[in-house]
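Engineer: First the structure, then my questions, so here it is.
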Amino acid sequence: MHEIRSDGRLEEWPATPAGEGVLFGRLRELCEEGLAISARIDGARKGRWHSFMPADYDTVLEDLLQIRGRGGRFLELGSATGVIAIMADLLGFEACGIEIAPELVSEARGLARRYGSRARFATGSFLPAGYHYASETGDTRMGTVGISEPAYPELRYELADFDWVYAFPWPGETEVLRDVMRCHGAPGAQLLLHGYNGGLEFDRPI
């Protein structure tokens, strides 16, 4: 994982492709502002929503650049301040985010406006209507995954309409995400799982 300085600025950054200095400058500013917002709201949340950990943005960018040329529709599950979805939009994907906390959706929409992003954000659960999780042992616990009305009607898309589905799961939630994709994702869709050691795991649930 790349280092973040005490002032919230990124120590390392992916090499800028030729001719894309302006875009990469905006992406860097976006990530640094996202870190600052996360620090501010984490200190002010006071139990209104559970704590969250921002992704390793520069590492995620490196991985998004690998699939940039393939385009498609991108969904961020548990989008919080929306940085990843906005990043995907600026890289040419049609990007959306789902977040259960309305305060965070408001932050994400404001951030998108400031960076001229068309990424859309919906409030609610990323669990599709009628979905119920149970592991092979019958365990129905889903970690911090919240239960609420599904957000898909607000987006006017279903989970199966997305080509790329990104998530940064807390421990114990990975199998829930894989099961959701098995049950409701498109057959060729890719689940992008962000790891605590940095980087994305490209996972196509069977």
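Going through the structure tokens in order, the chains are called A, B, and so on, while each chain numbers its residues from 1 and the ligands are numbered from 1 in the order shown.
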For the strand (DSSP E or B) assignment from backbone DSSP, which residues of region 16-185 of chain A qualify? Please present them as a ChimeraX atom specification.
Structural biologist: /A:73-77,94-99,120-123,125,150,164-167
Engineer: Given the selection you just returned, output its residues as a file containing C-alpha atoms, formatted as a PDB file, in the first residue's frame.
Structural biologist:
```
ATOM      1  CA  ARG A  73     -20.850   0.246 -16.797  1.00  0.00           C
ATOM      2  CA  PHE A  74     -19.186   0.452 -13.357  1.00  0.00           C
ATOM      3  CA  LEU A  75     -20.831   0.173  -9.924  1.00  0.00           C
ATOM      4  CA  GLU A  76     -19.235   0.967  -6.569  1.00  0.00           C
ATOM      5  CA  LEU A  77     -20.897  -0.878  -3.669  1.00  0.00           C
ATOM      6  CA  GLU A  94     -20.444   4.951 -16.977  1.00  0.00           C
ATOM      7  CA  ALA A  95     -20.203   4.965 -13.202  1.00  0.00           C
ATOM      8  CA  CYS A  96     -22.648   4.706 -10.320  1.00  0.00           C
ATOM      9  CA  GLY A  97     -22.378   4.259  -6.568  1.00  0.00           C
ATOM     10  CA  ILE A  98     -24.690   2.851  -3.898  1.00  0.00           C
ATOM     11  CA  GLU A  99     -24.390   3.937  -0.272  1.00  0.00           C
ATOM     12  CA  ARG A 120     -24.565   8.984 -10.138  1.00  0.00           C
ATOM     13  CA  PHE A 121     -25.181   7.982  -6.542  1.00  0.00           C
ATOM     14  CA  ALA A 122     -28.210   6.339  -4.947  1.00  0.00           C
ATOM     15  CA  THR A 123     -29.169   5.940  -1.297  1.00  0.00           C
ATOM     16  CA  SER A 125     -28.875  -1.089   0.034  1.00  0.00           C
ATOM     17  CA  PRO A 150     -32.604  -1.501  -2.477  1.00  0.00           C
ATOM     18  CA  TRP A 164     -17.764  -4.040 -13.317  1.00  0.00           C
ATOM     19  CA  VAL A 165     -18.772  -4.158  -9.654  1.00  0.00           C
ATOM     20  CA  TYR A 166     -16.270  -2.752  -7.163  1.00  0.00           C
ATOM     21  CA  ALA A 167     -16.265  -3.249  -3.377  1.00  0.00           C
TER      22      ALA A 167
END
```
Engineer: If we count only C-alpha atoms, what is near Phe202 (chain A) at a cut-off of 10 Å, once residues fewer than 2 positions away on the same chain are taken out, given as a PyMOL selection string?
Structural biologist: chain A and resi 63+164-166+190-194+199-200+204-205
Engineer: I'd like to know which of A:Ser117, A:Ser38, A:Thr81, A:Thr59 is closest to Leu23 (chain A), using only C-alpha atoms.
Structural biologist: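 Answer, going by the shortest atom-to-atom distance: A:Ser117.
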Engineer: Using CA of Gly185 (chain A) and CA of Ala129 (chain A) as the two end points, give the distance in Å to one decimal.
Structural biologist: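 Interatomic distance here is 13.0 Å.
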Engineer: Taking into account only C-alpha atoms, which residue in the set A:Val176, A:Gly110, A:Leu64, A:Arg118 is nearest to Thr140 (chain A)?
Structural biologist: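 Using only C-alpha atoms, the shortest distance to Thr140 (chain A) belongs to A:Val176.
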